[in-house]
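Participant: What follows is model_12.csv, made up of CSV, C-alpha atoms:
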```csv
chain,number,residue,atom,x,y,z
N,3,MET,CA,43.4,96.7,156.3
N,4,SER,CA,44.6,93.8,154.2
N,5,ASP,CA,48.2,93.1,153.2
N,6,THR,CA,47.7,95.0,149.9
N,7,TYR,CA,46.4,98.6,149.7
N,8,ASN,CA,44.3,100.1,147.0
N,9,ILE,CA,45.6,103.5,145.9
N,10,GLY,CA,43.1,105.7,144.0
N,11,ILE,CA,44.8,108.0,141.6
N,12,ASN,CA,42.9,111.0,140.1
N,13,ALA,CA,44.5,111.2,136.7
N,14,LEU,CA,41.7,113.0,134.8
N,15,LEU,CA,44.1,115.7,133.5
N,16,MET,CA,46.2,113.0,131.8
N,17,SER,CA,43.6,112.9,129.0
N,18,GLY,CA,41.1,115.3,127.5
N,19,ARG,CA,41.8,118.7,126.2
N,20,LYS,CA,45.3,119.9,126.8
N,21,SER,CA,45.6,123.7,127.2
N,22,TYR,CA,48.8,125.6,127.7
N,23,ARG,CA,48.1,125.5,131.4
N,24,SER,CA,47.4,121.7,131.6
N,25,ALA,CA,50.1,120.4,129.3
N,26,GLY,CA,52.7,120.2,132.0
N,27,ILE,CA,50.4,118.3,134.3
N,28,HIS,CA,49.4,116.0,131.5
N,29,ASN,CA,53.1,115.2,130.8
N,30,TYR,CA,53.9,114.7,134.5
N,31,ILE,CA,51.0,112.2,135.1
N,32,SER,CA,51.6,110.3,131.8
N,33,GLY,CA,55.4,110.1,132.6
N,34,LEU,CA,54.9,108.9,136.2
N,35,LEU,CA,52.1,106.3,135.9
N,36,PRO,CA,54.0,103.6,134.0
N,37,HIS,CA,56.8,103.7,136.6
N,38,LEU,CA,54.5,104.1,139.6
N,39,VAL,CA,52.5,100.9,139.3
N,40,PRO,CA,55.3,98.3,139.8
N,41,ALA,CA,57.2,100.4,142.4
N,42,ASP,CA,55.8,98.7,145.5
N,43,GLU,CA,54.3,95.2,145.6
N,44,ARG,CA,52.1,96.1,148.6
N,45,LEU,CA,50.1,98.5,146.5
N,46,ARG,CA,47.5,98.1,143.8
N,47,HIS,CA,46.0,101.0,141.9
N,48,THR,CA,42.6,102.3,140.7
N,49,ILE,CA,43.2,105.1,138.2
N,50,PHE,CA,40.4,107.5,137.4
N,51,LEU,CA,40.5,108.7,133.8
N,52,SER,CA,38.2,110.6,131.4
N,53,GLU,CA,39.4,108.8,128.3
N,54,GLY,CA,42.4,107.0,126.8
N,55,ARG,CA,44.2,103.9,127.9
N,56,PRO,CA,47.7,104.2,129.4
N,57,GLU,CA,50.1,101.3,129.1
N,58,LEU,CA,50.5,100.1,132.6
N,59,ASN,CA,51.8,97.0,134.4
N,60,GLY,CA,50.9,95.5,137.7
N,61,ASP,CA,47.6,95.2,139.6
N,62,THR,CA,45.7,98.1,138.1
N,63,LYS,CA,42.1,99.0,137.5
N,64,LEU,CA,41.1,101.8,135.1
N,65,TYR,CA,37.9,103.6,136.1
N,66,TYR,CA,36.4,105.9,133.5
N,67,ALA,CA,34.6,108.9,134.8
N,68,GLY,CA,33.3,109.9,131.4
N,69,ASP,CA,34.8,112.0,128.6
N,70,ASP,CA,32.8,115.1,129.6
N,71,LYS,CA,35.2,115.5,132.5
N,72,SER,CA,37.6,117.2,130.1
N,73,ARG,CA,35.5,120.3,130.8
N,74,PRO,CA,36.8,122.0,134.0
N,75,LEU,CA,33.4,122.6,135.6
N,76,ASN,CA,32.3,119.0,135.0
N,77,ARG,CA,35.6,117.7,136.3
N,78,VAL,CA,35.3,119.8,139.5
N,79,ILE,CA,31.7,118.6,140.2
N,80,TRP,CA,32.8,115.0,139.7
N,81,GLU,CA,35.9,115.4,141.9
N,82,GLN,CA,34.0,117.0,144.8
N,83,LEU,CA,30.6,115.3,144.7
N,84,GLN,CA,30.9,111.9,142.9
N,85,GLN,CA,34.5,110.9,143.5
N,86,PRO,CA,34.1,110.4,147.3
N,87,TRP,CA,31.3,107.9,146.8
N,88,ILE,CA,33.2,106.1,144.0
N,89,VAL,CA,36.3,105.9,146.2
N,90,ARG,CA,34.2,104.2,148.9
N,91,SER,CA,32.6,101.8,146.5
N,92,GLU,CA,36.0,100.9,145.0
N,93,LYS,CA,37.4,100.2,148.5
N,94,VAL,CA,40.2,102.8,148.0
N,95,ASP,CA,42.5,103.0,151.0
N,96,LEU,CA,44.3,106.2,149.9
N,97,LEU,CA,43.4,108.8,147.3
N,98,HIS,CA,46.1,110.6,145.3
N,99,SER,CA,44.8,113.8,143.7
N,100,MET,CA,47.4,114.7,141.0
N,101,ALA,CA,46.4,118.3,140.4
N,102,PHE,CA,46.2,120.5,143.4
N,103,VAL,CA,42.8,119.7,144.9
N,104,ALA,CA,41.4,116.8,146.8
N,105,PRO,CA,37.7,116.3,147.7
N,106,VAL,CA,36.6,118.5,150.6
N,107,VAL,CA,34.7,115.7,152.2
N,108,SER,CA,36.5,112.3,152.1
N,109,ARG,CA,36.6,109.2,154.3
N,110,VAL,CA,40.0,108.1,153.2
N,111,PRO,CA,43.4,109.7,153.7
N,112,SER,CA,44.8,111.7,150.8
N,113,VAL,CA,48.0,112.7,149.0
N,114,VAL,CA,47.9,115.8,146.8
N,115,THR,CA,50.4,116.9,144.1
N,116,VAL,CA,51.2,120.6,143.7
N,117,TYR,CA,53.1,121.8,140.6
N,118,ASP,CA,53.4,125.5,141.3
N,119,LEU,CA,51.6,128.3,143.0
N,120,SER,CA,51.3,130.6,140.0
N,121,PHE,CA,47.7,131.3,141.0
N,122,LEU,CA,49.1,133.1,144.1
N,123,LYS,CA,52.3,134.4,142.6
N,124,MET,CA,50.7,135.8,139.4
N,125,PRO,CA,47.0,136.0,140.1
N,126,GLY,CA,46.3,138.2,137.0
N,127,ARG,CA,47.0,135.1,134.8
N,128,PHE,CA,43.8,133.4,136.0
N,129,LYS,CA,40.1,134.1,135.7
N,130,ALA,CA,38.8,135.2,139.1
N,131,ALA,CA,36.7,132.0,139.6
N,132,ASN,CA,39.6,129.7,138.8
N,133,ARG,CA,42.0,131.7,141.0
N,134,ILE,CA,39.6,131.6,144.0
N,135,TYR,CA,38.9,127.9,143.5
N,136,LEU,CA,42.6,127.0,143.3
N,137,SER,CA,43.8,129.3,146.1
N,138,SER,CA,41.2,128.2,148.6
N,139,LEU,CA,40.9,124.5,147.9
N,140,THR,CA,44.6,123.9,147.3
N,141,ALA,CA,45.4,125.4,150.7
N,142,ARG,CA,42.7,123.3,152.3
N,143,SER,CA,43.8,120.1,150.4
N,144,CYS,CA,47.4,120.5,151.5
N,145,ARG,CA,46.5,121.1,155.1
N,146,GLN,CA,44.2,118.1,155.2
N,147,ALA,CA,46.4,115.7,153.3
N,148,GLU,CA,48.5,113.0,154.9
N,149,ARG,CA,51.3,113.9,152.5
N,150,VAL,CA,51.9,116.6,149.8
N,151,ILE,CA,54.0,116.0,146.7
N,152,ALA,CA,55.8,119.1,145.2
N,153,ILE,CA,57.7,118.8,141.9
N,154,SER,CA,60.6,120.9,143.1
N,155,GLU,CA,62.2,122.2,146.3
N,156,SER,CA,61.1,125.7,145.2
N,157,THR,CA,57.5,124.6,145.0
N,158,LYS,CA,57.9,122.9,148.4
N,159,ARG,CA,59.1,126.1,150.0
N,160,ASP,CA,56.1,128.0,148.4
N,161,VAL,CA,53.6,125.4,149.8
N,162,VAL,CA,55.1,125.5,153.3
N,163,GLU,CA,55.2,129.3,153.4
N,164,ALA,CA,51.8,130.0,151.7
N,165,PHE,CA,49.7,127.3,153.4
N,166,ASP,CA,51.5,127.0,156.8
N,167,VAL,CA,52.2,123.3,156.1
N,168,SER,CA,54.9,121.4,157.9
N,169,PRO,CA,57.9,120.8,155.7
N,170,ASP,CA,58.1,117.3,157.1
N,171,LYS,CA,55.0,116.2,155.3
N,172,VAL,CA,56.0,117.6,151.9
N,173,ASP,CA,57.9,115.3,149.6
N,174,VAL,CA,59.7,116.5,146.5
N,175,VAL,CA,59.3,114.2,143.4
N,176,TYR,CA,61.0,115.7,140.4
N,177,PRO,CA,59.8,114.9,136.9
N,178,GLY,CA,61.9,112.5,134.9
N,179,ARG,CA,63.5,113.1,131.5
N,180,ASN,CA,61.6,112.0,128.4
N,181,GLU,CA,63.6,109.1,127.0
N,182,GLN,CA,62.5,110.0,123.5
N,183,MET,CA,64.0,113.5,123.9
N,184,THR,CA,67.5,112.8,122.5
N,185,ARG,CA,69.7,114.6,120.0
N,186,PRO,CA,68.9,113.6,116.4
N,187,SER,CA,71.7,112.9,113.9
N,188,ASP,CA,73.4,115.8,112.0
N,189,ALA,CA,71.7,114.6,108.8
N,190,GLU,CA,68.3,114.6,110.5
N,191,ILE,CA,68.9,118.1,111.8
N,192,GLU,CA,69.9,119.5,108.5
N,193,ALA,CA,67.0,117.9,106.7
N,194,PHE,CA,64.6,119.4,109.2
N,195,ARG,CA,66.3,122.8,108.9
N,196,ALA,CA,65.7,122.7,105.2
N,197,LYS,CA,62.1,121.4,105.5
N,198,ARG,CA,61.1,124.1,107.9
N,199,GLY,CA,63.2,126.9,106.4
N,200,LEU,CA,65.0,127.5,109.6
N,201,PRO,CA,68.0,129.9,109.8
N,202,ASP,CA,71.5,128.5,109.6
N,203,ARG,CA,72.1,129.8,113.1
N,204,TYR,CA,69.5,130.8,115.8
N,205,ILE,CA,69.0,131.3,119.5
N,206,PHE,CA,65.9,129.3,120.6
N,207,TYR,CA,63.1,129.8,123.1
N,208,LEU,CA,60.3,127.4,123.6
N,209,GLY,CA,57.3,128.0,125.9
N,210,THR,CA,54.1,129.9,126.2
N,211,ILE,CA,54.2,133.5,124.9
N,212,GLU,CA,53.1,135.4,128.0
N,213,PRO,CA,54.6,137.9,130.6
N,214,ARG,CA,55.8,135.3,133.1
N,215,LYS,CA,58.2,133.9,130.5
N,216,ASN,CA,60.0,137.3,130.3
N,217,LEU,CA,60.4,137.4,126.6
N,218,SER,CA,60.7,141.1,126.4
N,219,LEU,CA,63.9,140.9,128.4
N,220,LEU,CA,65.2,138.2,126.0
N,221,ILE,CA,64.4,140.4,123.0
N,222,ASN,CA,66.2,143.4,124.5
N,223,ALA,CA,69.2,141.3,125.3
N,224,TYR,CA,69.3,140.0,121.8
N,225,ALA,CA,69.0,143.6,120.4
N,226,LYS,CA,72.0,144.7,122.5
N,227,LEU,CA,74.1,141.9,121.2
N,228,ARG,CA,72.9,141.9,117.6
N,229,PRO,CA,74.8,138.7,116.8
N,230,LYS,CA,75.7,138.7,113.1
N,231,GLY,CA,73.8,136.1,111.1
N,232,ILE,CA,72.1,134.7,114.1
N,233,LYS,CA,68.3,134.9,114.5
N,234,LEU,CA,66.1,134.7,117.6
N,235,VAL,CA,63.4,132.1,117.3
N,236,CYS,CA,60.6,132.3,120.0
N,237,ALA,CA,58.4,129.2,119.6
N,238,GLY,CA,55.2,128.3,121.5
N,239,GLY,CA,51.5,129.0,121.7
N,240,LYS,CA,50.1,132.3,122.8
N,241,GLY,CA,49.1,132.5,126.5
N,242,TRP,CA,47.9,135.8,127.8
N,243,LEU,CA,48.9,139.5,127.5
N,244,TYR,CA,51.3,138.6,124.7
N,245,GLU,CA,50.6,141.8,122.6
N,246,ASP,CA,53.3,143.8,124.2
N,247,ILE,CA,55.9,141.2,123.2
N,248,PHE,CA,55.1,141.5,119.5
N,249,GLN,CA,54.9,145.3,119.9
N,250,THR,CA,58.4,145.3,121.3
N,251,VAL,CA,59.7,143.5,118.2
N,252,GLU,CA,58.0,146.1,115.9
N,253,GLU,CA,59.3,149.1,117.9
N,254,MET,CA,62.9,147.8,117.7
N,255,HIS,CA,62.5,147.0,114.0
N,256,LEU,CA,63.4,143.3,114.6
N,257,GLN,CA,60.7,141.7,112.6
N,258,ARG,CA,63.3,140.0,110.3
N,259,ASP,CA,65.5,138.8,113.1
N,260,VAL,CA,63.0,137.7,115.8
N,261,LEU,CA,60.7,134.9,114.5
N,262,PHE,CA,57.6,133.4,116.1
N,263,PRO,CA,56.8,130.1,114.5
N,264,GLY,CA,54.0,129.2,116.9
N,265,TYR,CA,53.2,125.9,118.4
N,266,VAL,CA,55.8,123.1,118.1
N,267,PRO,CA,54.5,119.5,118.0
N,268,GLN,CA,55.9,117.1,120.5
N,269,GLU,CA,57.5,114.9,117.8
N,270,GLU,CA,59.4,117.9,116.4
N,271,LYS,CA,60.8,119.4,119.7
N,272,ALA,CA,64.1,117.6,119.7
N,273,LEU,CA,64.8,118.8,116.2
N,274,TRP,CA,64.0,122.5,117.0
N,275,TYR,CA,66.3,122.3,120.1
N,276,ALA,CA,69.1,120.5,118.3
N,277,ALA,CA,69.2,122.9,115.3
N,278,SER,CA,69.8,125.9,117.6
N,279,GLU,CA,73.0,127.5,118.8
N,280,ALA,CA,71.7,128.0,122.4
N,281,PHE,CA,68.5,127.7,124.3
N,282,VAL,CA,67.3,130.6,126.5
N,283,TYR,CA,64.6,130.3,129.1
N,284,PRO,CA,64.2,133.7,130.9
N,285,SER,CA,61.2,132.8,132.9
N,286,ILE,CA,60.4,134.7,136.1
N,287,TYR,CA,58.6,131.7,137.9
N,288,GLU,CA,58.4,128.0,137.2
N,289,GLY,CA,57.3,125.0,139.2
N,290,PHE,CA,60.0,123.0,137.4
N,291,GLY,CA,61.0,124.2,133.9
N,292,ILE,CA,60.8,121.2,131.6
N,293,PRO,CA,62.1,123.1,128.5
N,294,VAL,CA,65.5,123.6,130.2
N,295,LEU,CA,65.7,119.8,130.8
N,296,GLU,CA,64.7,119.0,127.2
N,297,ALA,CA,67.3,121.4,125.8
N,298,MET,CA,70.1,119.7,127.8
N,299,CYS,CA,68.8,116.3,126.6
N,300,CYS,CA,69.3,117.4,123.1
N,301,GLY,CA,72.9,118.7,123.5
N,302,VAL,CA,72.1,122.4,123.5
N,303,PRO,CA,73.8,124.8,125.9
N,304,ALA,CA,71.1,126.4,128.1
N,305,ILE,CA,70.8,129.8,129.6
N,306,THR,CA,68.1,130.4,132.2
N,307,THR,CA,67.3,132.6,135.3
N,308,ASN,CA,68.2,132.0,138.9
N,309,ALA,CA,64.5,132.3,139.9
N,310,SER,CA,62.3,129.7,141.6
N,311,SER,CA,63.0,126.1,140.6
N,312,LEU,CA,65.2,126.8,137.5
N,313,PRO,CA,68.6,126.4,139.3
N,314,GLU,CA,67.4,123.0,140.4
N,315,VAL,CA,66.8,121.9,136.9
N,316,ALA,CA,69.9,123.5,135.5
N,317,GLY,CA,72.4,122.4,138.1
N,318,ASP,CA,75.9,123.5,137.1
N,319,ALA,CA,75.2,122.9,133.4
N,320,ALA,CA,73.6,126.2,132.5
N,321,ILE,CA,74.5,129.9,132.8
N,322,LEU,CA,72.1,131.5,135.3
N,323,PHE,CA,71.2,135.2,135.4
N,324,PRO,CA,68.9,137.4,137.4
N,325,PRO,CA,65.4,137.6,135.7
N,326,ASN,CA,65.5,141.4,135.5
N,327,ASP,CA,69.1,141.8,134.2
N,328,ALA,CA,69.2,142.2,130.4
N,329,ASP,CA,72.9,143.0,130.5
N,330,ALA,CA,73.7,139.7,132.2
N,331,LEU,CA,71.7,137.8,129.7
N,332,THR,CA,73.5,139.6,126.8
N,333,ASN,CA,76.8,138.6,128.3
N,334,ALA,CA,75.6,135.0,128.7
N,335,LEU,CA,74.6,134.9,125.1
N,336,ASP,CA,77.9,136.4,124.0
N,337,THR,CA,79.8,133.7,126.0
N,338,VAL,CA,77.8,130.8,124.6
N,339,LEU,CA,78.0,132.0,121.0
N,340,ASN,CA,81.6,133.0,121.0
N,341,GLN,CA,83.5,130.7,123.4
N,342,PRO,CA,83.6,127.2,121.9
N,343,ALA,CA,85.4,125.7,125.0
N,344,VAL,CA,82.7,127.0,127.3
N,345,ARG,CA,80.0,125.8,125.0
N,346,GLN,CA,81.3,122.2,124.8
N,347,ASP,CA,81.7,122.1,128.6
N,348,MET,CA,78.1,123.2,129.0
N,349,ILE,CA,76.9,120.6,126.6
N,350,ALA,CA,78.7,117.8,128.4
N,351,LYS,CA,77.5,118.9,131.8
N,352,GLY,CA,74.0,119.3,130.3
N,353,TYR,CA,73.8,115.6,129.3
N,354,ALA,CA,75.0,114.6,132.8
N,355,GLN,CA,72.5,116.9,134.5
N,356,ALA,CA,69.6,115.7,132.3
N,357,ASN,CA,70.4,112.0,133.1
N,358,SER,CA,69.9,112.7,136.8
N,359,PHE,CA,66.1,113.1,136.3
N,360,SER,CA,64.4,109.7,136.1
N,361,TRP,CA,60.7,108.6,135.9
N,362,ALA,CA,61.7,105.3,137.5
N,363,VAL,CA,63.1,107.3,140.5
N,364,ALA,CA,59.9,109.4,140.6
N,365,GLY,CA,57.8,106.3,140.7
N,366,LYS,CA,59.7,104.8,143.6
N,367,LEU,CA,59.6,108.1,145.6
N,368,THR,CA,55.8,108.5,145.0
N,369,ALA,CA,55.3,104.9,146.2
N,370,GLN,CA,57.3,105.9,149.3
N,371,THR,CA,55.0,108.8,149.8
N,372,TYR,CA,52.0,106.4,149.7
N,373,ALA,CA,53.7,104.2,152.3
N,374,LYS,CA,54.3,107.2,154.6
N,375,ALA,CA,50.6,108.3,154.2
N,376,LEU,CA,49.4,104.8,155.1
N,377,HIS,CA,51.9,104.6,158.0
N,378,LEU,CA,53.7,101.6,156.4
N,379,PRO,CA,57.4,100.8,156.6
N,380,VAL,CA,59.3,102.5,153.8
N,381,GLY,CA,61.7,99.7,152.7
N,382,GLU,CA,63.7,98.8,149.7
N,383,GLN,CA,60.7,97.5,147.8
N,384,ALA,CA,59.2,101.0,148.0
```
Would you give me this structure, written as structure tokens?

Facilitator:
Amino acid sequence: MSDTYNIGINALLMSGRKSYRSAGIHNYISGLLPHLVPADERLRHTIFLSEGRPELNGDTKLYYAGDDKSRPLNRVIWEQLQQPWIVRSEKVDLLHSMAFVAPVVSRVPSVVTVYDLSFLKMPGRFKAANRIYLSSLTARSCRQAERVIAISESTKRDVVEAFDVSPDKVDVVYPGRNEQMTRPSDAEIEAFRAKRGLPDRYIFYLGTIEPRKNLSLLINAYAKLRPKGIKLVCAGGKGWLYEDIFQTVEEMHLQRDVLFPGYVPQEEKALWYAASEAFVYPSIYEGFGIPVLEAMCCGVPAITTNASSLPEVAGDAAILFPPNDADALTNALDTVLNQPAVRQDMIAKGYAQANSFSWAVAGKLTAQTYAKALHLPVGEQA
């Protein structure tokens, strides 16, 4: 090998159609790449895309696989049948597959990123063909890879246990905070509240409307507390099996108090968070839990569960509760809404915790993973 090494990066899911499933992967890849390229001067990069042009520095080549790769079947066929030949013709020394699955047949060593194992933990959420594909090929990819990247310690434990992979070859690379996700001014918040017709006071949830997010528990906890003059706003697109959640609201006669505004555009997120009294994320299982991080960035006290990766995101800044304990969630809401000193302490700790997540650090750690996979010294430049 030469003194520089060509890292192929499969970033097809950074562009194309973003479903509720792929949005988190899209954000991770787009957040990481600008900080990855300059992280190690020994490395150059060939990035495989379907469309778009990311702003990157350093010695980088963009290879366009075709915009039809936004379709899952087309992407899978390209990754498994065409990509190995392209990797060879582009003289790639190491291939980083940034979404679970590497080519079954490949002549170069690989790194694979795993975000969560929801296809094993919650198989009913996936179509049978998708579940079988992800389960079998993610396992094979992790076992064959030189290194595996997990986006949390929780996901690392899941990979080690599910696939019988040595913990020594799994590196944790947390997502970074979105630098644009900051608290708007009070004037901006109030103008947005008026524009959107938001309640003067509300508890906020943002995420997919689906069973894994545990919204029925949140609705029950809110109903027990019945905070005077405070609404519950559950924002986000519909995922799967969401009918029971809306039925719960109707059965409890909470249609005027529990609001479902639907999808929130990226450019409005900070305003939705900042206008709220508290953010609640009662999810049962997460690979990381970006909304908790976003809420803390916006100066909002966060309440979330002690399940999977969420304590890693929250640190000591949030109130944690068991994901099946509505009473504990009710008490947490009561504390945040009615104890100003606790609230201010949580906000201050939230800012500090959010600042501990950095894309620059993620870029350096990923470059270190490449160096390990290539059996290179891992020094300061990495």

Participant: Find the residue from N:Arg179, N:Arg198, N:Arg203, N:Arg258 that sits nearest to Tyr353 of chain N; use only C-alpha atoms when measuring.

Facilitator: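 Using only C-alpha atoms, the shortest distance to Tyr353 of chain N belongs to N:Arg179.
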
Participant: Would you list the residues near (56.0, 126.8, 127.5), meaning any protein, DNA or RNA residue with an atom at most 10 Å from that point in file coordinates, counting only C-alpha atoms, as a PyMOL selection string?

Facilitator: chain N and resi 22-23+25-26+207-212+215+237-241+265+283+285+291-293

Participant: Show me, as a tab-separated table (two decimals) with C-alpha atoms, keeping the file's coordinate frame, the residues that have an atom within 12 Å of Lys123 of chain N when counting all atoms listed in the file, minus same-chain residues fewer than 3 positions from it.

Facilitator:
```
chain	number	residue	atom	x	y	z
N	118	ASP	CA	53.40	125.50	141.30
N	119	LEU	CA	51.60	128.30	143.00
N	120	SER	CA	51.30	130.60	140.00
N	126	GLY	CA	46.30	138.20	137.00
N	127	ARG	CA	47.00	135.10	134.80
N	128	PHE	CA	43.80	133.40	136.00
N	133	ARG	CA	42.00	131.70	141.00
N	137	SER	CA	43.80	129.30	146.10
N	157	THR	CA	57.50	124.60	145.00
N	160	ASP	CA	56.10	128.00	148.40
N	161	VAL	CA	53.60	125.40	149.80
N	164	ALA	CA	51.80	130.00	151.70
N	214	ARG	CA	55.80	135.30	133.10
N	286	ILE	CA	60.40	134.70	136.10
N	287	TYR	CA	58.60	131.70	137.90
N	288	GLU	CA	58.40	128.00	137.20
N	289	GLY	CA	57.30	125.00	139.20
N	310	SER	CA	62.30	129.70	141.60
```

Participant: Tell me, as a ChimeraX atom specification, which residues lie within 9 Å of segment 30-47 of chain N, counting all atoms listed in the file; anything in the same chain fewer than 6 positions away does not count.

Facilitator: /N:5-11,13,15-17,56-64,94,100,177-180,361-370,372-373,382-384

Participant: Give me the residues within 12 Å of Gln249 of chain N as a PyMOL selection string, counting all atoms listed in the file and dropping any in the same chain fewer than 4 places off.

Facilitator: chain N and resi 217-218+221+243-245+253-257+260

Participant: Please report the interatomic distance between atom CA of Gly264 of chain N and atom CA of Phe248 of chain N in Å with one decimal.

Facilitator: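 Spanning atom CA of Gly264 of chain N to atom CA of Phe248 of chain N is a straight-line distance of 12.6 Å.
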
Participant: So how far away is atom CA of Gly352 of chain N from atom CA of Ala297 of chain N, in Å?

Facilitator: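 Answer for the atom CA of Ala297 of chain N to atom CA of Gly352 of chain N separation: 8.3 Å.
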
Participant: Dump as a count of residues only all residues having an atom at most 12 Å from (56.8, 124.4, 149.6), computed in the file's coordinates with all atoms listed in the file.

Facilitator: 35

Participant: Between atom CA of Gly231 of chain N and atom CA of Ile191 of chain N, what is the distance, to one decimal in Å?

Facilitator: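 It comes out at 18.7 Å.
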
Participant: Would you mind listing what lies within 12 Å of Ala356 of chain N as a ChimeraX atom specification, with all atoms listed in the file counted and same-chain residues fewer than 4 positions away left out?

Facilitator: /N:176-181,183-184,292-304,314-320,348-352,360-361

Participant: Export C-alpha atoms of the chosen residues as a PDB file, in the coordinates of the input?

Facilitator:
```
ATOM      1  CA  TYR N 176      61.000 115.700 140.400  1.00  0.00           C
ATOM      2  CA  PRO N 177      59.800 114.900 136.900  1.00  0.00           C
ATOM      3  CA  GLY N 178      61.900 112.500 134.900  1.00  0.00           C
ATOM      4  CA  ARG N 179      63.500 113.100 131.500  1.00  0.00           C
ATOM      5  CA  ASN N 180      61.600 112.000 128.400  1.00  0.00           C
ATOM      6  CA  GLU N 181      63.600 109.100 127.000  1.00  0.00           C
ATOM      7  CA  MET N 183      64.000 113.500 123.900  1.00  0.00           C
ATOM      8  CA  THR N 184      67.500 112.800 122.500  1.00  0.00           C
ATOM      9  CA  ILE N 292      60.800 121.200 131.600  1.00  0.00           C
ATOM     10  CA  PRO N 293      62.100 123.100 128.500  1.00  0.00           C
ATOM     11  CA  VAL N 294      65.500 123.600 130.200  1.00  0.00           C
ATOM     12  CA  LEU N 295      65.700 119.800 130.800  1.00  0.00           C
ATOM     13  CA  GLU N 296      64.700 119.000 127.200  1.00  0.00           C
ATOM     14  CA  ALA N 297      67.300 121.400 125.800  1.00  0.00           C
ATOM     15  CA  MET N 298      70.100 119.700 127.800  1.00  0.00           C
ATOM     16  CA  CYS N 299      68.800 116.300 126.600  1.00  0.00           C
ATOM     17  CA  CYS N 300      69.300 117.400 123.100  1.00  0.00           C
ATOM     18  CA  GLY N 301      72.900 118.700 123.500  1.00  0.00           C
ATOM     19  CA  VAL N 302      72.100 122.400 123.500  1.00  0.00           C
ATOM     20  CA  PRO N 303      73.800 124.800 125.900  1.00  0.00           C
ATOM     21  CA  ALA N 304      71.100 126.400 128.100  1.00  0.00           C
ATOM     22  CA  GLU N 314      67.400 123.000 140.400  1.00  0.00           C
ATOM     23  CA  VAL N 315      66.800 121.900 136.900  1.00  0.00           C
ATOM     24  CA  ALA N 316      69.900 123.500 135.500  1.00  0.00           C
ATOM     25  CA  GLY N 317      72.400 122.400 138.100  1.00  0.00           C
ATOM     26  CA  ASP N 318      75.900 123.500 137.100  1.00  0.00           C
ATOM     27  CA  ALA N 319      75.200 122.900 133.400  1.00  0.00           C
ATOM     28  CA  ALA N 320      73.600 126.200 132.500  1.00  0.00           C
ATOM     29  CA  MET N 348      78.100 123.200 129.000  1.00  0.00           C
ATOM     30  CA  ILE N 349      76.900 120.600 126.600  1.00  0.00           C
ATOM     31  CA  ALA N 350      78.700 117.800 128.400  1.00  0.00           C
ATOM     32  CA  LYS N 351      77.500 118.900 131.800  1.00  0.00           C
ATOM     33  CA  GLY N 352      74.000 119.300 130.300  1.00  0.00           C
ATOM     34  CA  SER N 360      64.400 109.700 136.100  1.00  0.00           C
ATOM     35  CA  TRP N 361      60.700 108.600 135.900  1.00  0.00           C
TER      36      TRP N 361
END
```

Participant: Looking at N:Phe206, N:Leu227, N:Met124, N:Pro201, which one is nearest to Thr337 of chain N, with distances taken over all atoms listed in the file?

Facilitator: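 Checking each of N:Phe206, N:Leu227, N:Met124, N:Pro201 against Thr337 of chain N, counting all atoms listed in the file, the winner is N:Leu227.
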
Participant: What's around Leu234 of chain N at 8 Å? Count all atoms listed in the file, leave out sequence neighbours fewer than 2 positions away in its own chain, and write the answer as a PDB file with C-alpha atoms, keeping the file's coordinate frame.

Facilitator:
```
ATOM      1  CA  TYR N 204      69.500 130.800 115.800  1.00  0.00           C
ATOM      2  CA  ILE N 205      69.000 131.300 119.500  1.00  0.00           C
ATOM      3  CA  PHE N 206      65.900 129.300 120.600  1.00  0.00           C
ATOM      4  CA  TYR N 207      63.100 129.800 123.100  1.00  0.00           C
ATOM      5  CA  TYR N 224      69.300 140.000 121.800  1.00  0.00           C
ATOM      6  CA  ILE N 232      72.100 134.700 114.100  1.00  0.00           C
ATOM      7  CA  CYS N 236      60.600 132.300 120.000  1.00  0.00           C
ATOM      8  CA  ASP N 259      65.500 138.800 113.100  1.00  0.00           C
ATOM      9  CA  VAL N 260      63.000 137.700 115.800  1.00  0.00           C
ATOM     10  CA  LEU N 261      60.700 134.900 114.500  1.00  0.00           C
TER      11      LEU N 261
END
```

Participant: My list of candidates is N:Trp274, N:Phe290, N:Phe323, N:Phe281. Which is closest to Phe359 of chain N when distances are computed with all atoms listed in the file?

Facilitator: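 Counting all atoms listed in the file, the residue closest to Phe359 of chain N is N:Phe290.
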
Participant: For each of N:Leu335, N:Val266, N:Leu136, N:Ala277, take the minimum atom-to-atom distance to Arg228 of chain N, counting all atoms listed in the file, then give the residue where this is smallest.

Facilitator: N:Leu335

Participant: With only C-alpha atoms as the basis for distance, which of N:Phe194, N:Trp80, N:Phe50, N:Phe262 is at the shortest distance from Glu92 of chain N?

Facilitator: N:Phe50

Participant: Compare N:Leu219, N:Val78, N:Ala280, N:Val175 by their minimum atom-to-atom distance to Pro324 of chain N, counting only C-alpha atoms, and give me the closest one.

Facilitator: N:Leu219
